[in-house]
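**Student:** This is the content of entry33.txt (compact mmCIF, C-alpha atoms):
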# COMPACT_ATOMS: atom_id res chain seq x y z
CA MET A 1 -14.49 11.46 31.00
CA GLU A 2 -12.32 8.75 32.53
CA GLN A 3 -15.21 6.31 32.60
CA THR A 4 -16.00 7.03 28.93
CA LEU A 5 -12.38 6.39 28.00
CA ILE A 6 -12.42 3.07 29.84
CA ILE A 7 -15.58 2.04 27.99
CA ILE A 8 -14.08 2.98 24.62
CA ILE A 9 -10.87 1.05 25.32
CA SER A 10 -12.85 -1.97 26.53
CA VAL A 11 -15.00 -1.97 23.40
CA LEU A 12 -11.92 -1.74 21.17
CA LEU A 13 -10.25 -4.58 23.05
CA VAL A 14 -13.20 -6.87 22.56
CA TYR A 15 -14.17 -5.75 19.06
CA THR A 16 -10.82 -5.62 17.28
CA ILE A 17 -7.62 -5.67 19.37
CA ILE A 18 -7.99 -9.10 20.97
CA PRO A 19 -9.39 -10.78 17.80
CA THR A 20 -6.55 -9.31 15.73
CA LEU A 21 -3.95 -10.53 18.20
CA MET A 22 -5.53 -13.99 18.12
CA VAL A 23 -5.06 -14.30 14.37
CA ARG A 24 -1.82 -12.34 13.99
CA LEU A 25 0.13 -13.90 16.87
CA PHE A 26 -1.44 -17.35 17.17
CA GLY A 27 -2.91 -17.94 13.71
CA ILE A 28 -6.31 -18.89 15.09
CA GLY A 29 -8.65 -19.58 12.20
CA VAL A 30 -6.26 -18.29 9.53
CA TYR A 31 -3.49 -19.57 7.27
CA LYS A 32 -0.22 -17.65 7.64
CA LYS A 33 2.54 -20.14 6.80
CA GLY A 34 3.16 -23.67 5.66
CA THR A 35 5.67 -26.28 6.77
CA GLY A 36 9.39 -26.01 6.14
CA ASP A 37 9.33 -28.51 3.27
CA GLN A 38 6.63 -26.67 1.32
CA PRO A 39 7.12 -24.10 -1.46
CA ILE A 40 6.99 -20.37 -0.77
CA ALA A 41 3.77 -18.45 -1.44
CA LEU A 42 4.12 -15.00 -2.99
CA THR A 43 1.07 -12.84 -2.30
CA PHE A 44 0.31 -9.33 -3.50
CA ASP A 45 -2.08 -6.77 -2.00
CA ASP A 46 -3.81 -3.53 -3.00
CA GLY A 47 -4.06 -3.96 -6.77
CA PRO A 48 -4.78 -4.17 -9.54
CA ASP A 49 -2.67 -1.19 -10.54
CA PRO A 50 -2.50 -0.19 -14.24
CA GLU A 51 1.17 0.75 -13.98
CA TYR A 52 2.71 -1.91 -11.77
CA THR A 53 0.48 -5.00 -11.96
CA PRO A 54 1.29 -5.69 -15.66
CA LEU A 55 5.00 -5.46 -14.86
CA LEU A 56 4.55 -7.85 -11.95
CA LEU A 57 2.65 -10.31 -14.12
CA ASP A 58 5.43 -10.12 -16.71
CA LEU A 59 8.00 -10.85 -13.99
CA LEU A 60 6.11 -13.87 -12.64
CA LYS A 61 5.60 -15.18 -16.16
CA LYS A 62 9.32 -14.85 -16.88
CA HIS A 63 10.12 -17.05 -13.87
CA ASN A 64 7.11 -19.37 -14.46
CA ILE A 65 5.77 -18.68 -10.97
CA LYS A 66 2.14 -18.62 -9.86
CA GLY A 67 1.19 -16.15 -7.16
CA THR A 68 -1.85 -14.96 -5.24
CA PHE A 69 -3.39 -11.52 -5.67
CA PHE A 70 -5.65 -10.02 -3.01
CA VAL A 71 -7.45 -7.32 -4.95
CA LEU A 72 -9.69 -4.40 -4.12
CA GLY A 73 -13.14 -4.72 -5.62
CA ARG A 74 -13.36 -1.13 -6.75
CA LYS A 75 -10.05 -1.42 -8.63
CA ALA A 76 -11.07 -4.79 -10.07
CA GLU A 77 -14.17 -3.16 -11.55
CA LYS A 78 -12.01 -0.40 -13.04
CA TYR A 79 -9.36 -2.76 -14.48
CA PRO A 80 -11.13 -6.04 -15.26
CA ASP A 81 -8.60 -6.88 -17.96
CA LEU A 82 -5.89 -7.18 -15.33
CA ILE A 83 -8.04 -9.48 -13.19
CA GLN A 84 -8.74 -11.60 -16.26
CA ARG A 85 -5.04 -11.72 -17.08
CA MET A 86 -4.20 -12.87 -13.53
CA HIS A 87 -6.68 -15.70 -13.90
CA ASN A 88 -5.65 -16.63 -17.44
CA GLU A 89 -2.00 -16.89 -16.40
CA GLY A 90 -2.78 -19.25 -13.54
CA HIS A 91 -2.69 -16.94 -10.53
CA LEU A 92 -5.18 -17.09 -7.67
CA VAL A 93 -7.40 -14.02 -7.31
CA GLY A 94 -8.53 -13.31 -3.74
CA ILE A 95 -10.40 -10.59 -1.87
CA HIS A 96 -8.94 -7.54 -0.09
CA ASN A 97 -12.24 -5.68 0.58
CA TYR A 98 -14.00 -3.46 -1.93
CA VAL A 99 -12.03 -0.43 -0.76
CA HIS A 100 -8.97 -0.37 1.49
CA TRP A 101 -10.77 0.22 4.78
CA SER A 102 -9.85 -1.42 8.05
CA ASN A 103 -12.33 -3.93 9.44
CA ALA A 104 -11.77 -2.37 12.86
CA LEU A 105 -13.51 0.80 11.66
CA MET A 106 -16.50 -0.91 10.05
CA SER A 107 -19.58 -2.64 11.37
CA PRO A 108 -19.88 -6.40 10.85
CA LYS A 109 -22.56 -5.77 8.22
CA ARG A 110 -20.34 -3.32 6.35
CA VAL A 111 -17.43 -5.79 6.31
CA ARG A 112 -19.68 -8.53 4.92
CA GLU A 113 -20.88 -6.15 2.22
CA GLN A 114 -17.28 -5.29 1.29
CA VAL A 115 -16.23 -8.93 1.05
CA ASN A 116 -19.32 -10.21 -0.74
CA LYS A 117 -19.36 -7.34 -3.22
CA THR A 118 -15.73 -7.97 -4.14
CA ALA A 119 -16.35 -11.71 -4.45
CA LYS A 120 -19.17 -10.99 -6.91
CA VAL A 121 -16.98 -8.60 -8.91
CA ILE A 122 -14.26 -11.24 -9.25
CA ASP A 123 -16.78 -13.96 -10.15
CA ARG A 124 -18.32 -11.71 -12.80
CA ILE A 125 -14.92 -11.10 -14.41
CA ILE A 126 -13.33 -14.54 -14.33
CA GLY A 127 -16.42 -16.74 -14.03
CA GLU A 128 -15.09 -18.44 -10.94
CA LYS A 129 -15.91 -18.01 -7.26
CA THR A 130 -13.12 -17.11 -4.86
CA PHE A 131 -13.02 -18.11 -1.21
CA TYR A 132 -9.72 -16.56 -0.17
CA TYR A 133 -9.70 -13.33 1.81
CA ARG A 134 -7.09 -11.06 3.35
CA PRO A 135 -8.34 -8.15 5.50
CA PRO A 136 -6.46 -4.86 4.96
CA TRP A 137 -3.49 -4.51 7.33
CA GLY A 138 -4.36 -7.96 8.72
CA VAL A 139 -6.79 -6.30 11.13
CA ILE A 140 -10.12 -7.96 11.92
CA ASN A 141 -13.07 -7.48 14.23
CA LEU A 142 -14.75 -10.03 16.47
CA PHE A 143 -17.49 -10.87 13.96
CA ASP A 144 -15.00 -11.65 11.20
CA PHE A 145 -14.64 -15.11 12.72
CA PHE A 146 -18.08 -15.84 11.24
CA LEU A 147 -16.68 -14.96 7.79
CA MET A 148 -14.33 -17.91 8.16
CA LYS A 149 -17.28 -20.26 7.63
CA LYS A 150 -17.47 -19.08 4.02
CA PHE A 151 -14.02 -17.64 3.27
CA ARG A 152 -10.48 -18.86 3.95
CA MET A 153 -8.61 -16.04 5.66
CA ILE A 154 -4.97 -15.70 4.62
CA LEU A 155 -2.39 -13.62 6.48
CA TRP A 156 1.40 -13.90 6.13
CA SER A 157 4.63 -14.92 7.82
CA VAL A 158 6.92 -12.44 6.02
CA ILE A 159 6.33 -8.71 5.62
CA VAL A 160 9.16 -6.40 4.51
CA GLY A 161 7.80 -2.84 4.40
CA ASP A 162 7.85 -2.65 0.60
CA TRP A 163 5.12 0.01 0.57
CA LYS A 164 7.81 2.60 1.42
CA SER A 165 10.47 3.81 -1.03
CA SER A 166 13.12 4.48 1.62
CA GLY A 167 16.00 2.03 1.34
CA GLY A 168 15.02 1.20 -2.23
CA LYS A 169 15.50 -2.21 -3.80
CA GLN A 170 18.30 -3.28 -1.50
CA LYS A 171 16.29 -2.97 1.71
CA ILE A 172 13.47 -5.12 0.35
CA LYS A 173 15.78 -7.75 -1.11
CA GLN A 174 17.83 -8.08 2.08
CA ARG A 175 14.73 -8.48 4.20
CA LEU A 176 13.31 -11.10 1.86
CA LEU A 177 16.53 -13.11 1.80
CA SER A 178 16.94 -12.87 5.58
CA LYS A 179 13.55 -14.55 6.03
CA LEU A 180 13.88 -17.07 3.23
CA LYS A 181 12.51 -20.44 4.32
CA GLY A 182 10.18 -23.10 3.04
CA GLY A 183 6.47 -22.61 3.64
CA ALA A 184 6.77 -18.84 4.01
CA VAL A 185 3.80 -16.71 2.98
CA ILE A 186 5.25 -13.43 1.74
CA VAL A 187 3.13 -10.30 1.41
CA LEU A 188 4.14 -7.63 -1.11
CA HIS A 189 2.25 -4.73 -2.68
CA ASP A 190 1.71 -4.04 -6.38
CA SER A 191 0.15 -0.62 -5.80
CA GLY A 192 1.33 2.42 -3.88
CA GLN A 193 -2.00 4.23 -3.80
CA THR A 194 -3.23 3.21 -0.36
CA PHE A 195 -2.92 5.20 2.87
CA GLY A 196 0.66 5.30 4.17
CA ALA A 197 2.22 3.98 0.96
CA ASP A 198 4.61 5.74 -1.43
CA ARG A 199 3.27 5.92 -4.98
CA GLY A 200 6.49 4.75 -6.59
CA ALA A 201 7.39 2.07 -4.02
CA PRO A 202 6.27 -0.90 -6.19
CA ALA A 203 9.04 -0.11 -8.66
CA TYR A 204 11.62 -0.99 -5.98
CA MET A 205 9.59 -4.05 -4.98
CA LEU A 206 9.69 -5.35 -8.54
CA GLU A 207 13.45 -4.93 -8.81
CA ALA A 208 14.01 -6.65 -5.47
CA LEU A 209 11.54 -9.44 -6.22
CA ASN A 210 13.21 -10.28 -9.51
CA GLU A 211 16.59 -10.75 -7.82
CA PHE A 212 15.06 -12.54 -4.83
CA ILE A 213 13.25 -15.07 -7.02
CA THR A 214 16.41 -15.71 -9.04
CA GLU A 215 18.44 -16.45 -5.89
CA ALA A 216 15.67 -18.49 -4.25
CA LEU A 217 15.24 -20.69 -7.32
CA TYR A 218 19.01 -21.14 -7.62
CA THR A 219 19.22 -22.40 -4.03
CA GLY A 220 16.42 -24.92 -4.57
CA TYR A 221 13.28 -23.19 -3.38
CA SER A 222 10.04 -23.24 -5.33
CA PHE A 223 6.86 -21.17 -5.30
CA HIS A 224 3.12 -21.87 -5.36
CA ARG A 225 -0.31 -20.32 -4.83
CA VAL A 226 -1.75 -20.23 -1.31
CA ASP A 227 -4.50 -22.66 -2.29
CA ALA A 228 -2.02 -25.39 -3.26
CA ASP A 229 -2.34 -28.42 -0.99
CA ARG A 230 -5.31 -26.85 0.76
Could you show the structure in this file as structure tokens?

**Tutor:**
Amino acid sequence: MEQTLIIIISVLLVYTIIPTLMVRLFGIGVYKKGTGDQPIALTFDDGPDPEYTPLLLDLLKKHNIKGTFFVLGRKAEKYPDLIQRMHNEGHLVGIHNYVHWSNALMSPKRVREQVNKTAKVIDRIIGEKTFYYRPPWGVINLFDFFLMKKFRMILWSVIVGDWKSSGGKQKIKQRLLSKLKGGAVIVLHDSGQTFGADRGAPAYMLEALNEFITEALYTGYSFHRVDADR
């Protein structure tokens, strides 16, 4: 029993824990932040969501800001009009797997299938290939490094726990402002339907984001897509 446990832990270390630490802590092979004199990148995961994504697009349009959406392929197929709207309004559409499964729990072949299938869905909708990929929860496996030959992996430098409703708008806004700096890559969520999220949490995110953008613009910051200057 003890020997089996050691083998399991060793496999997990090699397959997912060490690779994830390499990209999350040291940024090896991924893009997670820019330089201090660059604009801020707003990125959004887990959509498209028929309730919250249109409101988010309205908000970004109001402030004339372009963002980056890492979408789930299955949802993109269900709501192609939202993907098309993202593209039409100048946002970057990236990949967040076909379904919200962790790469640590899938074989290398299964991960490739998830990524490639979503890339084809996006291409079919907007008529443009995408090469930007964010793995769910920022967790990878050892073989995902080979994906980097074809796709640009994007993580983040700022995460504020906006998938939970506790603390409401104020918690999210305070955390965003406390980490406000040039070159930041901020991850937010325009859907509350994934594991561990609160269904209504994006409503608080939208309120906080609106006030955060207003204050950031007032103090001289600007925003861009993650593919700008890349």

**Student:** Measuring atom to atom with all atoms listed in the file, identify which of A:Asn141, A:Thr53, A:Thr35, A:Ser222 is nearest to A:Pro202.

**Tutor:**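 Counting all atoms listed in the file, the residue closest to A:Pro202 is A:Thr53.
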
**Student:** Take atom CA of A:Gly167 and atom CA of A:Ile40 and report the distance between them in Å, one decimal.

**Tutor:** 24.2 Å

**Student:** So, with all atoms listed in the file as the atoms that count, which of A:Thr43, A:Thr118, A:Gln84, A:Gln3 lies closest to A:Val187?

**Tutor:**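 Looking at the shortest contact to A:Val187, the residue is A:Thr43.
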
**Student:** Let me make sure I understand: among A:Asn64, A:Glu77, A:Ile154, A:Ile28, which one has the smallest atom-to-atom distance to A:Ile213 if we use only C-alpha atoms?

**Tutor:**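 Looking only at the distances to A:Ile213, the closest residue turns out to be A:Asn64.
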
**Student:** Using only C-alpha atoms, which residues sit within 10 Å of A:Ser191 once same-chain residues fewer than 6 positions away are excluded, as a list of chain:residue names?

**Tutor:**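 Listed by chain and then number, they are A:Phe44, A:Asp45, A:Asp46, A:Gly47, A:Pro48, A:Asp49, A:Pro50, A:Glu51, A:Tyr52, A:Thr53, A:Trp163, A:Ala197, A:Asp198, A:Arg199, A:Gly200, A:Ala201, A:Pro202, A:Ala203.
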
**Student:** Could you write out that same residue set with C-alpha atoms as a short mmCIF file (atom, residue, chain, number, x, y, z; two decimals), in the coordinates of the input?

**Tutor:**
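Saved file again_39.cif follows:
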data_model
loop_
_atom_site.label_atom_id
_atom_site.label_comp_id
_atom_site.auth_asym_id
_atom_site.auth_seq_id
_atom_site.Cartn_x
_atom_site.Cartn_y
_atom_site.Cartn_z
CA PHE A 44 0.31 -9.33 -3.50
CA ASP A 45 -2.08 -6.77 -2.00
CA ASP A 46 -3.81 -3.53 -3.00
CA GLY A 47 -4.06 -3.96 -6.77
CA PRO A 48 -4.78 -4.17 -9.54
CA ASP A 49 -2.67 -1.19 -10.54
CA PRO A 50 -2.50 -0.19 -14.24
CA GLU A 51 1.17 0.75 -13.98
CA TYR A 52 2.71 -1.91 -11.77
CA THR A 53 0.48 -5.00 -11.96
CA TRP A 163 5.12 0.01 0.57
CA ALA A 197 2.22 3.98 0.96
CA ASP A 198 4.61 5.74 -1.43
CA ARG A 199 3.27 5.92 -4.98
CA GLY A 200 6.49 4.75 -6.59
CA ALA A 201 7.39 2.07 -4.02
CA PRO A 202 6.27 -0.90 -6.19
CA ALA A 203 9.04 -0.11 -8.66
#

**Student:** I need the residue nearest A:Asn103 from this list: A:Leu5, A:Val185, A:Val115, A:Met148. Use all atoms listed in the file for the distance.

**Tutor:**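 Checking each of A:Leu5, A:Val185, A:Val115, A:Met148 against A:Asn103, counting all atoms listed in the file, the winner is A:Val115.
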
**Student:** Closest to A:Ser157 among A:Glu211, A:Glu128, A:His100, A:Leu180, using only C-alpha atoms?

**Tutor:**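 So, comparing all the options, the nearest one is A:Leu180.
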
**Student:** Closest to A:Leu188 among A:Asp123, A:Asp144, A:Asp162, A:Glu89, using all atoms listed in the file?

**Tutor:** A:Asp162

**Student:** What's the 10 Å shell around A:Ala228, counting all atoms listed in the file, without same-chain residues fewer than 6 positions away, as a PyMOL selection string?

**Tutor:** chain A and resi 38-39+41+92

**Student:** Enumerate, as a ChimeraX atom specification, the protein, DNA and RNA residues whose atoms approach (-5.4, -12.6, -1.2) to within 6 Å, taking into account all atoms listed in the file and the coordinate frame of the file.

**Tutor:** /A:68-70,94-95,132-134

**Student:** As lines of an AutoDock Vina configuration file, please report the centre and edge lengths, rounded to one decimal in Å, of the axis-aligned box that holds all listed atoms of stretch 42-61 of chain A with 3 Å of padding on each of the six sides.

**Tutor:**
center_x = 1.6
center_y = -7.2
center_z = -9.4
size_x = 18.8
size_y = 21.9
size_z = 20.7

**Student:** Quick one: distance from atom CA of A:Leu72 to atom CA of A:Val99 in Å, one decimal?

**Tutor:**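 One can read the atom CA of A:Leu72 to atom CA of A:Val99 distance as 5.7 Å.
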
**Student:** Can you pull out the residues contacting A:Lys32? Cut-off 10 Å, using only C-alpha atoms, and skip same-chain residues under 3 positions away; I want them as a list in words.

**Tutor:**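 Neighbouring residues, sequence-local ones excluded: Val23, Arg24, Leu25, Phe26, Gly27, Ile28, Gly29, Ala41, Met153, Ile154, Leu155, Trp156, Ser157, Val158, Gly183, Ala184, Val185, Ile186 and Val226 of chain A.
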
**Student:** Report, in Å with one decimal, the straight-line distance from atom CA of A:Arg152 to atom CA of A:Asp58.

**Tutor:**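 Computing it gives 27.5 Å between the two atoms.
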